[in-house]
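K.L.:
Provided below: my_file09.cif, containing mmCIF, C-alpha atoms and all ligand atoms.
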```cif
data_structure
loop_
_atom_site.label_atom_id
_atom_site.label_comp_id
_atom_site.auth_asym_id
_atom_site.auth_seq_id
_atom_site.Cartn_x
_atom_site.Cartn_y
_atom_site.Cartn_z
CA MET V 118 90.04 122.52 100.18
CA LYS V 119 88.48 119.73 98.14
CA ILE V 120 91.07 116.97 98.24
CA LEU V 121 91.36 113.76 96.27
CA VAL V 122 93.27 111.05 98.17
CA THR V 123 94.42 108.12 96.02
CA GLY V 124 95.05 104.97 98.03
CA GLY V 125 93.12 106.54 100.92
CA ALA V 126 91.94 103.18 102.31
CA GLY V 127 95.54 102.06 102.95
CA PHE V 128 97.69 102.37 106.05
CA ILE V 129 99.05 105.91 105.67
CA GLY V 130 96.13 107.14 103.55
CA SER V 131 93.46 106.24 106.12
CA HIS V 132 95.27 108.07 108.94
CA THR V 133 95.78 111.07 106.67
CA CYS V 134 92.05 111.14 105.80
CA VAL V 135 91.20 111.42 109.51
CA VAL V 136 93.51 114.44 109.87
CA LEU V 137 92.18 116.07 106.66
CA LEU V 138 88.54 115.67 107.69
CA GLU V 139 89.29 116.95 111.19
CA SER V 140 91.01 120.00 109.63
CA GLY V 141 87.81 120.82 107.72
CA HIS V 142 88.76 119.63 104.24
CA GLU V 143 86.33 117.83 101.91
CA VAL V 144 87.78 114.43 101.06
CA THR V 145 87.25 112.10 98.09
CA VAL V 146 89.09 108.76 98.13
CA ILE V 147 89.86 106.62 95.10
CA ASP V 148 91.19 103.16 95.91
CA ASN V 149 90.95 99.79 94.15
CA LEU V 150 91.23 98.00 97.54
CA CYS V 151 94.04 95.76 96.25
CA ASN V 152 95.78 96.06 99.63
CA SER V 153 93.03 97.39 101.92
CA THR V 154 89.34 97.15 102.74
CA ALA V 155 86.48 99.64 102.79
CA VAL V 156 86.09 99.00 106.54
CA ALA V 157 89.04 101.34 107.14
CA LEU V 158 87.13 104.15 105.43
CA GLU V 159 84.04 103.52 107.56
CA ARG V 160 86.23 103.84 110.63
CA VAL V 161 87.90 106.99 109.29
CA GLN V 162 84.45 108.63 109.04
CA GLU V 163 83.49 107.37 112.48
CA LEU V 164 86.71 108.76 114.02
CA ALA V 165 86.44 112.14 112.30
CA GLY V 166 82.66 112.35 112.77
CA LYS V 167 82.40 113.49 109.14
CA PRO V 168 81.64 111.80 105.82
CA LEU V 169 83.94 111.34 102.84
CA ARG V 170 83.21 110.34 99.24
CA PHE V 171 84.59 106.97 98.12
CA ILE V 172 85.15 105.87 94.53
CA GLU V 173 86.18 102.22 94.30
CA GLY V 174 88.44 102.26 91.27
CA ASP V 175 91.94 102.12 89.85
CA VAL V 176 94.03 105.22 89.23
CA ARG V 177 94.94 103.78 85.83
CA ASP V 178 91.25 103.86 84.88
CA ARG V 179 90.48 107.27 83.41
CA ASN V 180 86.72 106.88 83.79
CA ALA V 181 87.09 106.18 87.49
CA LEU V 182 89.40 109.18 87.83
CA ASP V 183 86.95 111.43 85.97
CA ARG V 184 84.25 110.40 88.44
CA ALA V 185 86.60 111.19 91.32
CA PHE V 186 87.38 114.66 89.93
CA ALA V 187 83.71 115.46 89.20
CA GLY V 188 82.50 118.29 91.40
CA GLY V 189 85.94 119.91 91.48
CA ILE V 190 89.19 118.98 93.23
CA ASP V 191 91.71 121.57 94.49
CA ALA V 192 94.56 119.22 95.41
CA VAL V 193 95.58 115.58 95.23
CA ILE V 194 97.50 113.40 97.68
CA HIS V 195 98.82 110.38 95.80
CA PHE V 196 99.39 107.32 98.01
CA ALA V 197 98.14 104.60 95.62
CA ALA V 198 101.01 102.26 94.85
CA LEU V 199 102.29 98.73 95.35
CA LYS V 200 105.04 98.76 97.98
CA ALA V 201 106.57 95.32 98.65
CA VAL V 202 110.27 95.38 97.79
CA GLY V 203 110.69 91.60 97.43
CA GLU V 204 107.56 91.24 95.29
CA SER V 205 108.74 94.06 93.02
CA CYS V 206 111.93 92.10 92.24
CA GLY V 207 109.83 89.16 90.96
CA GLN V 208 107.14 91.25 89.21
CA PRO V 209 108.83 94.45 88.01
CA LEU V 210 106.40 95.08 85.12
CA ARG V 211 103.41 94.93 87.46
CA TYR V 212 105.11 97.53 89.66
CA PHE V 213 106.04 99.78 86.72
CA ASP V 214 102.50 99.56 85.34
CA ASN V 215 100.69 100.15 88.63
CA ASN V 216 102.96 102.77 90.15
CA ILE V 217 104.36 104.68 87.18
CA GLY V 218 101.37 104.09 84.88
CA GLY V 219 99.01 105.13 87.68
CA THR V 220 100.94 108.35 88.31
CA ILE V 221 100.94 109.34 84.63
CA SER V 222 97.22 108.70 84.33
CA LEU V 223 96.64 110.74 87.50
CA MET V 224 98.65 113.71 86.19
CA GLN V 225 96.72 113.58 82.89
CA ALA V 226 93.42 113.67 84.77
CA MET V 227 94.69 116.55 86.96
CA GLU V 228 95.49 118.55 83.81
CA ALA V 229 92.10 117.79 82.29
CA HIS V 230 90.33 118.90 85.47
CA SER V 231 92.62 121.89 86.23
CA ALA V 232 93.75 120.45 89.56
CA ASN V 233 97.22 121.91 90.01
CA CYS V 234 98.43 120.85 93.41
CA LEU V 235 99.98 117.44 94.15
CA VAL V 236 101.48 115.84 97.28
CA PHE V 237 103.31 112.63 96.48
CA SER V 238 104.33 109.64 98.66
CA SER V 239 107.97 108.97 98.00
CA SER V 240 110.33 106.95 100.15
CA ALA V 241 113.77 107.00 101.73
CA THR V 242 114.38 104.00 99.49
CA VAL V 243 115.46 106.53 96.78
CA TYR V 244 118.71 107.07 98.75
CA GLY V 245 119.72 103.40 98.37
CA GLN V 246 122.90 102.95 100.42
CA PRO V 247 123.67 106.56 101.42
CA ASP V 248 127.26 107.72 101.96
CA ASN V 249 126.35 109.58 105.15
CA VAL V 250 123.59 109.55 107.76
CA PRO V 251 121.48 111.42 108.69
CA VAL V 252 120.55 111.85 105.02
CA ARG V 253 119.71 115.23 103.54
CA GLU V 254 117.41 115.71 100.56
CA ASP V 255 120.35 116.65 98.30
CA ALA V 256 122.13 113.31 98.86
CA PRO V 257 122.75 111.25 95.70
CA LEU V 258 119.78 109.13 94.61
CA ARG V 259 120.45 105.48 93.82
CA VAL V 260 117.88 102.74 93.95
CA THR V 261 118.46 99.06 94.57
CA ASN V 262 115.19 97.38 93.51
CA PRO V 263 112.24 97.87 91.10
CA TYR V 264 109.97 99.32 93.81
CA GLY V 265 112.58 101.95 94.58
CA ARG V 266 113.00 102.63 90.86
CA THR V 267 109.28 103.37 90.51
CA LYS V 268 109.55 105.98 93.30
CA LEU V 269 112.58 107.60 91.70
CA VAL V 270 110.99 107.67 88.23
CA MET V 271 107.74 109.08 89.63
CA GLU V 272 109.66 111.84 91.41
CA GLN V 273 111.37 112.71 88.12
CA LEU V 274 108.12 112.67 86.12
CA ILE V 275 106.47 114.99 88.61
CA ARG V 276 109.46 117.36 88.51
CA ASP V 277 109.36 117.51 84.70
CA TRP V 278 105.63 118.17 84.81
CA CYS V 279 106.12 121.07 87.22
CA ILE V 280 108.80 122.56 84.96
CA ALA V 281 106.49 122.34 81.95
CA ARG V 282 103.41 123.77 83.73
CA SER V 283 104.07 126.86 85.79
CA GLU V 284 100.61 126.65 87.39
CA VAL V 285 101.39 123.24 88.91
CA SER V 286 102.91 122.77 92.34
CA ALA V 287 104.08 119.52 93.88
CA VAL V 288 105.59 118.33 97.14
CA LEU V 289 107.53 115.06 97.20
CA LEU V 290 107.57 113.50 100.67
CA ARG V 291 110.28 110.93 101.36
CA TYR V 292 109.03 108.85 104.28
CA PHE V 293 111.48 106.96 106.46
CA ASN V 294 109.86 104.14 108.49
CA PRO V 295 106.20 104.86 109.28
CA VAL V 296 104.83 102.78 112.18
CA GLY V 297 102.13 102.96 114.88
CA ALA V 298 98.41 103.46 114.50
CA HIS V 299 95.62 105.90 115.35
CA PRO V 300 95.56 106.25 119.18
CA SER V 301 91.98 104.90 119.22
CA GLY V 302 93.27 101.55 117.92
CA ARG V 303 90.46 101.57 115.31
CA ILE V 304 92.70 101.89 112.22
CA GLY V 305 96.24 100.65 111.64
CA GLU V 306 98.45 98.41 109.54
CA ASP V 307 97.40 94.79 108.86
CA PRO V 308 99.62 93.38 106.11
CA HIS V 309 98.41 90.37 104.11
CA GLY V 310 100.52 87.26 104.75
CA GLU V 311 103.90 87.41 106.44
CA PRO V 312 104.89 91.00 107.23
CA ASN V 313 108.00 92.33 105.44
CA ASN V 314 108.55 95.18 107.85
CA LEU V 315 109.81 95.03 111.40
CA MET V 316 107.07 96.68 113.46
CA PRO V 317 104.08 94.66 112.17
CA TYR V 318 106.18 91.51 112.59
CA ILE V 319 107.02 92.33 116.21
CA ALA V 320 103.36 93.18 116.89
CA GLN V 321 102.21 89.80 115.54
CA VAL V 322 104.79 87.97 117.67
CA ALA V 323 103.64 89.87 120.77
CA ALA V 324 100.04 88.95 119.93
CA GLY V 325 100.95 85.27 119.63
CA ARG V 326 100.19 85.14 115.89
CA ARG V 327 103.86 84.28 115.13
CA GLU V 328 106.30 82.31 117.24
CA TYR V 329 109.37 84.53 117.13
CA LEU V 330 111.03 87.39 115.29
CA ARG V 331 113.98 86.73 113.00
CA VAL V 332 116.55 89.45 113.58
CA PHE V 333 118.31 89.96 110.25
CA GLY V 334 121.95 90.29 111.30
CA ASN V 335 123.69 91.36 114.52
CA ASP V 336 127.08 92.10 112.98
CA TYR V 337 126.42 95.57 111.57
CA PRO V 338 128.66 98.46 112.63
CA THR V 339 125.94 99.81 114.98
CA PRO V 340 126.00 99.97 118.82
CA ASP V 341 124.29 96.56 119.29
CA GLY V 342 125.07 95.14 115.84
CA THR V 343 121.46 95.24 114.55
CA GLY V 344 120.08 97.55 111.84
CA VAL V 345 119.17 101.11 112.81
CA ARG V 346 116.20 102.96 111.24
CA ASP V 347 114.28 106.18 111.68
CA TYR V 348 110.79 105.11 112.81
CA LEU V 349 108.07 107.75 112.82
CA HIS V 350 104.48 107.69 114.05
CA VAL V 351 101.88 107.46 111.28
CA MET V 352 99.85 110.29 112.89
CA ASP V 353 102.86 112.63 112.64
CA LEU V 354 103.18 111.56 109.03
CA ALA V 355 99.48 112.26 108.44
CA GLU V 356 99.88 115.78 109.83
CA ALA V 357 102.85 116.39 107.56
CA HIS V 358 100.55 115.78 104.57
CA ALA V 359 98.09 118.44 105.73
CA MET V 360 101.01 120.88 106.12
CA ALA V 361 102.48 119.93 102.74
CA LEU V 362 99.11 120.67 101.12
CA GLN V 363 99.07 124.17 102.58
CA TYR V 364 102.65 124.67 101.43
CA ALA V 365 101.97 123.45 97.87
CA ALA V 366 98.74 125.42 97.57
CA ALA V 367 100.61 128.66 98.29
CA ARG V 368 103.34 128.31 95.60
CA SER V 369 104.32 126.73 92.31
CA GLY V 370 107.25 124.45 91.55
CA CYS V 371 108.40 121.19 93.08
CA GLU V 372 109.83 120.71 96.58
CA VAL V 373 111.11 117.63 98.35
CA PHE V 374 111.13 116.85 102.08
CA ASN V 375 112.44 114.03 104.25
CA LEU V 376 109.94 112.91 106.86
CA GLY V 377 111.52 111.21 109.85
CA THR V 378 112.38 112.03 113.44
CA GLY V 379 116.13 112.27 112.86
CA HIS V 380 116.64 109.64 115.55
CA GLY V 381 117.50 106.00 114.88
CA TYR V 382 116.56 102.86 116.84
CA SER V 383 118.05 99.39 116.45
CA VAL V 384 116.04 96.22 115.98
CA LEU V 385 116.77 95.19 119.58
CA GLU V 386 115.71 98.61 120.88
CA MET V 387 112.44 98.20 118.97
CA VAL V 388 111.89 94.77 120.52
CA ALA V 389 112.52 96.14 124.02
CA ALA V 390 110.20 99.11 123.45
CA PHE V 391 107.42 96.85 122.19
CA GLU V 392 107.80 94.52 125.17
CA ARG V 393 107.44 97.56 127.47
CA ALA V 394 104.35 98.82 125.64
CA SER V 395 102.60 95.45 125.39
CA GLY V 396 103.73 93.75 128.58
CA ARG V 397 104.40 90.68 126.39
CA LYS V 398 107.65 88.89 125.56
CA VAL V 399 108.88 89.13 121.97
CA PRO V 400 111.14 86.10 121.46
CA PHE V 401 113.69 86.45 118.67
CA GLU V 402 116.42 84.50 116.89
CA VAL V 403 119.37 86.07 115.13
CA ARG V 404 119.65 85.14 111.46
CA SER V 405 121.90 86.24 108.62
CA ARG V 406 121.58 89.69 107.10
CA ARG V 407 118.66 90.34 104.71
CA LEU V 408 119.82 90.89 101.14
CA GLY V 409 119.93 94.57 100.23
CA ASP V 410 119.73 95.79 103.86
CA ILE V 411 121.97 98.56 105.14
CA ALA V 412 123.35 99.19 108.62
CA GLU V 413 121.80 102.54 109.37
CA LEU V 414 119.36 104.95 107.74
CA THR V 415 118.12 108.08 109.44
CA ALA V 416 116.68 111.35 108.16
CA ASP V 417 117.86 114.88 108.47
CA PRO V 418 114.34 116.32 108.82
CA SER V 419 115.43 119.97 109.21
CA ARG V 420 114.11 121.07 105.82
CA ALA V 421 110.57 119.94 106.74
CA ARG V 422 110.93 121.76 110.07
CA ASP V 423 112.19 124.98 108.49
CA LEU V 424 109.89 125.17 105.45
CA LEU V 425 106.76 123.23 106.46
CA GLY V 426 106.94 123.90 110.19
CA TRP V 427 106.63 120.13 110.74
CA VAL V 428 108.29 118.23 113.58
CA ALA V 429 107.46 114.67 114.65
CA ARG V 430 105.87 114.81 118.11
CA ASN V 431 105.27 111.18 119.06
CA ASN V 432 108.03 109.18 120.73
CA LEU V 433 108.85 105.48 120.45
CA ASP V 434 106.61 104.56 123.39
CA ALA V 435 103.61 106.16 121.65
CA MET V 436 104.46 104.37 118.38
CA CYS V 437 104.58 100.98 120.13
CA GLY V 438 101.62 101.65 122.46
CA ASP V 439 99.33 102.68 119.60
CA ALA V 440 100.50 99.81 117.36
CA TRP V 441 99.77 97.40 120.21
CA ARG V 442 96.25 98.81 120.84
CA TRP V 443 95.46 98.25 117.14
CA GLN V 444 97.08 94.78 117.08
CA LYS V 445 95.15 93.61 120.15
CA GLY V 446 91.90 94.66 118.49
CA ILE V 447 92.52 92.61 115.33
CA SER V 448 94.07 89.53 116.92
CA PRO V 449 91.89 86.54 117.77
P1 LIG V 501 99.08 100.56 101.58
O1 LIG V 501 99.28 99.39 100.66
O2 LIG V 501 98.49 100.32 102.90
O3 LIG V 501 98.18 101.66 100.82
C1 LIG V 501 98.21 101.85 99.43
C2 LIG V 501 96.76 101.90 98.95
O4 LIG V 501 96.74 102.12 97.53
C3 LIG V 501 96.01 100.59 99.21
O5 LIG V 501 94.78 100.89 99.84
C4 LIG V 501 95.80 100.01 97.81
O6 LIG V 501 94.59 99.28 97.73
C5 LIG V 501 95.79 101.25 96.93
N1 LIG V 501 96.23 101.07 95.54
C6 LIG V 501 97.37 100.48 95.09
N2 LIG V 501 97.42 100.54 93.76
C7 LIG V 501 96.29 101.19 93.34
C8 LIG V 501 95.77 101.58 92.09
N3 LIG V 501 96.39 101.28 90.94
N4 LIG V 501 94.60 102.25 92.04
C9 LIG V 501 93.94 102.55 93.18
N5 LIG V 501 94.37 102.21 94.41
C10 LIG V 501 95.54 101.53 94.48
O7 LIG V 501 100.48 101.30 101.70
P2 LIG V 501 100.92 102.48 102.67
O8 LIG V 501 101.90 101.92 103.64
O9 LIG V 501 99.75 103.22 103.18
O10 LIG V 501 101.75 103.37 101.65
C11 LIG V 501 101.19 104.49 101.00
C12 LIG V 501 102.23 105.10 100.07
O11 LIG V 501 103.38 105.45 100.82
C13 LIG V 501 102.71 104.17 98.97
O12 LIG V 501 102.90 104.94 97.80
C14 LIG V 501 104.04 103.65 99.49
O13 LIG V 501 104.90 103.29 98.45
C15 LIG V 501 104.54 104.88 100.23
N6 LIG V 501 105.51 104.55 101.29
C16 LIG V 501 105.14 103.70 102.30
C17 LIG V 501 106.07 103.38 103.30
C18 LIG V 501 105.71 102.42 104.41
O14 LIG V 501 106.61 101.96 105.11
N7 LIG V 501 104.44 102.10 104.65
C19 LIG V 501 107.35 103.95 103.26
C20 LIG V 501 107.68 104.81 102.24
C21 LIG V 501 106.75 105.12 101.25
C1 LIG V 502 112.08 98.42 104.01
C2 LIG V 502 112.32 98.39 102.52
C3 LIG V 502 112.35 99.82 102.00
C4 LIG V 502 111.06 100.56 102.37
C5 LIG V 502 110.90 100.50 103.90
C6 LIG V 502 109.63 101.15 104.38
C7 LIG V 502 113.65 96.38 102.10
C8 LIG V 502 115.00 95.85 101.72
N1 LIG V 502 113.58 97.71 102.25
O1 LIG V 502 113.13 99.10 104.61
O2 LIG V 502 112.50 99.84 100.59
O3 LIG V 502 111.12 101.90 101.94
O4 LIG V 502 110.88 99.12 104.30
O5 LIG V 502 108.52 100.45 103.93
O6 LIG V 502 112.68 95.64 102.21
N2 LIG V 502 114.13 93.42 110.34
C9 LIG V 502 114.36 92.26 111.05
N3 LIG V 502 113.41 91.27 111.01
C10 LIG V 502 112.25 91.38 110.28
C11 LIG V 502 112.04 92.59 109.55
C12 LIG V 502 113.00 93.57 109.60
O7 LIG V 502 115.38 92.11 111.73
O8 LIG V 502 111.44 90.44 110.26
C13 LIG V 502 115.14 94.50 110.43
C14 LIG V 502 115.75 94.89 109.10
O9 LIG V 502 116.88 94.13 108.81
C15 LIG V 502 116.06 96.37 109.36
C16 LIG V 502 114.95 96.84 110.29
O10 LIG V 502 114.45 95.65 110.90
O11 LIG V 502 117.28 96.52 109.99
C17 LIG V 502 113.81 97.56 109.61
O12 LIG V 502 113.32 96.76 108.55
P1 LIG V 502 112.01 97.17 107.69
O13 LIG V 502 110.89 97.47 108.61
O14 LIG V 502 111.80 96.10 106.67
O15 LIG V 502 112.40 98.54 106.99
P2 LIG V 502 113.65 98.94 106.07
O16 LIG V 502 114.66 97.87 106.04
O17 LIG V 502 114.08 100.28 106.49
#
```
Written as structure tokens, that's how I'd like the structure from this file.

P.N.:
Amino acid sequence: MKILVTGGAGFIGSHTCVVLLESGHEVTVIDNLCNSTAVALERVQELAGKPLRFIEGDVRDRNALDRAFAGGIDAVIHFAALKAVGESCGQPLRYFDNNIGGTISLMQAMEAHSANCLVFSSSATVYGQPDNVPVREDAPLRVTNPYGRTKLVMEQLIRDWCIARSEVSAVLLRYFNPVGAHPSGRIGEDPHGEPNNLMPYIAQVAAGRREYLRVFGNDYPTPDGTGVRDYLHVMDLAEAHAMALQYAAARSGCEVFNLGTGHGYSVLEMVAAFERASGRKVPFEVRSRRLGDIAELTADPSRARDLLGWVARNNLDAMCGDAWRWQKGISP
């Protein structure tokens, strides 16, 4: 298939591009590089041994989108979004404009170019504080911050669009906690400034770029008192996108899938696993809970297994080992 990947230079997008190229798809990327660099795309092509087409542009810019769709596109994977929860609380309009505005403009361009198949990056953040874990896709949706609201609204817009246009098919993928890197260590996650998320923070402490990890709370009702999450390897996530494309291309309508392993690890388990993988100490200090955090969030991934045939294959050691290989390569 000819596939347009929005946000393809980013963390998850770049890994997905490698898998798509290796599976024989033709790939066009549109990215405004607001949270990435073109170097990642050079490395994607080097890893896959195949070229891709890159349009540097914004998904809210219709001219840039028209250039991306020129030559025909069969399906779109839509990663392009701003994703920092804290920042979204201070700049909600920027998030609404970029994420929701970008998605509307993308759907308009898809209609104009008769591209009817969409795979969308959603997030477990749409479950807010769930009543039960592991969470199933039919759990109530309740968001707790503007970033989460953009994901929920975008899911709803895409659903309405599918109802209105019987030729359109969409798959909404709710990611849990993507971590790790390509096993080559050539592409990975390198957040600007202080990392918000646990794994890049731990990796920077292990590399000596930060002194210690702050553990946000050890008084949760979990086995060791620290927060439990469902971490999954970014390469497993990338493969899920290739499978979701096949699924969407074969039907119409809108489907939603959780993507996680179904298994939770605590903050302290993550620290121990990273120390094993890196052979480095990861000093930490316990601090108070982070506002808006919950004790435990894990996926029930059985729907993705049953309908997509997708199961996460990489274990925690692979997630930490690959993240460390990438981190070592980018640390001074
Ligand atoms: P990322 O920031 O690394 O990648 C996003 C890419 O989109 C970046 O390259 C950025 O430059 C680009 N972009 C942003 N706005 C754009 C616009 N208006 N036009 C063109 N390009 C634009 O983030 P990621 O971790 O790879 O996340 C990809 C998607 O997955 C996002 O939609 C994110 O919300 C979602 N998601 C991520 C996580 C996670 O933990 N990483 C979890 C759940 C969902
Ligand atoms: C965060 C976002 C969520 C987003 C998800 C994936 C918040 C409140 N939530 O969720 O919307 O979908 O990332 O991108 O930001 N931790 C520490 N020290 C740190 C960082 C994290 O102890 O420096 C702990 C957290 O308290 C949590 C766990 O590590 O228990 C995982 O945190 P994180 O990686 O930020 O992911 P989420 O909290 O799941």

K.L.:
CA of Arg331 in chain V and atom C8 of ligand LIG 502 (chain V) are how many Å apart?

P.N.:
14.5 Å

K.L.:
Using all atoms listed in the file, find the one residue out of V:Arg303, V:Arg282, V:Arg327, V:Arg291 that sits nearest to Pro400 in chain V.

P.N.:
V:Arg327

K.L.:
By how many Å are CA of Asp439 in chain V and CA of Met316 in chain V apart?

P.N.:
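Answer for the CA of Asp439 in chain V to CA of Met316 in chain V separation: 11.6 Å.
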
K.L.:
When you draw a straight line from atom C5 of ligand LIG 502 (chain V) to CA of Asn149 in chain V, how long is it in Å?

P.N.:
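Between atom C5 of ligand LIG 502 (chain V) and CA of Asn149 in chain V the gap is 22.2 Å.
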
K.L.:
Write as a ChimeraX atom specification the residues around ligand LIG 501 (chain V), taking 8 Å as the cut-off and counting all atoms listed in the file.

P.N.:
/V:123-131,147-154,173-177,195-200,215-216,219,237-242,264,268,291-296,306,308,314

K.L.:
Could you check which of V:Ala226, V:Val332, V:Ala361, V:Val135 is closest to ligand LIG 502 (chain V), using all atoms listed in the file?

P.N.:
V:Val332

K.L.:
Measuring atom to atom with all atoms listed in the file, identify which of V:Pro209, V:Pro257, V:Pro418, V:Gly203 is nearest to Ala357 in chain V.

P.N.:
V:Pro418

K.L.:
Env of Arg346 in chain V: 6 Å cut, atoms = all atoms listed in the file, seq-sep filter 4 positions within chain, self excluded. Answer as an NGL selection string.

P.N.:
:V and (381-382 or 413-415)

K.L.:
With all atoms listed in the file as the counted atoms, please give the residues lying no more than 12 Å from Ala412 in chain V, apart from itself and same-chain residues fewer than 5 positions off, as a ChimeraX atom specification.

P.N.:
/V:245-250,333-347,381-384,406-407

K.L.:
Complete range 221-228 of chain V with all heavy atoms (output as a short mmCIF file (atom, residue, chain, number, x, y, z; two decimals), keeping the file's coordinate frame).

P.N.:
```cif
data_model
loop_
_atom_site.label_atom_id
_atom_site.label_comp_id
_atom_site.auth_asym_id
_atom_site.auth_seq_id
_atom_site.Cartn_x
_atom_site.Cartn_y
_atom_site.Cartn_z
N ILE V 221 101.12 108.61 85.89
CA ILE V 221 100.94 109.34 84.63
C ILE V 221 99.45 109.59 84.39
O ILE V 221 99.04 110.71 84.07
CB ILE V 221 101.57 108.55 83.46
CG1 ILE V 221 103.09 108.49 83.63
CG2 ILE V 221 101.19 109.19 82.11
CD1 ILE V 221 103.80 107.56 82.65
N SER V 222 98.66 108.55 84.57
CA SER V 222 97.22 108.70 84.33
C SER V 222 96.62 109.73 85.30
O SER V 222 95.77 110.54 84.93
CB SER V 222 96.61 107.30 84.43
OG SER V 222 95.47 107.26 85.16
N LEU V 223 97.13 109.76 86.54
CA LEU V 223 96.64 110.74 87.50
C LEU V 223 97.00 112.17 87.06
O LEU V 223 96.17 113.08 87.12
CB LEU V 223 97.23 110.44 88.89
CG LEU V 223 96.85 111.42 89.99
CD1 LEU V 223 95.36 111.32 90.33
CD2 LEU V 223 97.68 111.15 91.26
N MET V 224 98.24 112.37 86.61
CA MET V 224 98.65 113.71 86.19
C MET V 224 97.84 114.17 84.97
O MET V 224 97.46 115.34 84.86
CB MET V 224 100.15 113.75 85.90
CG MET V 224 101.00 113.62 87.16
SD MET V 224 102.76 113.94 86.90
CE MET V 224 103.26 112.50 85.99
N GLN V 225 97.54 113.23 84.06
CA GLN V 225 96.72 113.58 82.89
C GLN V 225 95.32 114.03 83.34
O GLN V 225 94.80 115.03 82.85
CB GLN V 225 96.60 112.38 81.95
CG GLN V 225 97.90 112.13 81.19
CD GLN V 225 97.90 110.78 80.46
OE1 GLN V 225 97.21 109.84 80.86
NE2 GLN V 225 98.70 110.69 79.40
N ALA V 226 94.76 113.30 84.29
CA ALA V 226 93.42 113.67 84.77
C ALA V 226 93.48 115.01 85.51
O ALA V 226 92.57 115.84 85.38
CB ALA V 226 92.88 112.57 85.70
N MET V 227 94.56 115.26 86.26
CA MET V 227 94.69 116.55 86.96
C MET V 227 94.71 117.69 85.94
O MET V 227 94.05 118.70 86.12
CB MET V 227 95.96 116.57 87.82
CG MET V 227 95.85 115.70 89.07
SD MET V 227 97.37 115.70 90.05
CE MET V 227 97.37 117.38 90.70
N GLU V 228 95.46 117.51 84.85
CA GLU V 228 95.49 118.55 83.81
C GLU V 228 94.11 118.78 83.23
O GLU V 228 93.67 119.91 83.09
CB GLU V 228 96.45 118.12 82.69
CG GLU V 228 97.85 118.60 82.93
CD GLU V 228 98.73 118.55 81.68
OE1 GLU V 228 98.23 118.57 80.54
OE2 GLU V 228 99.94 118.49 81.88
#
```
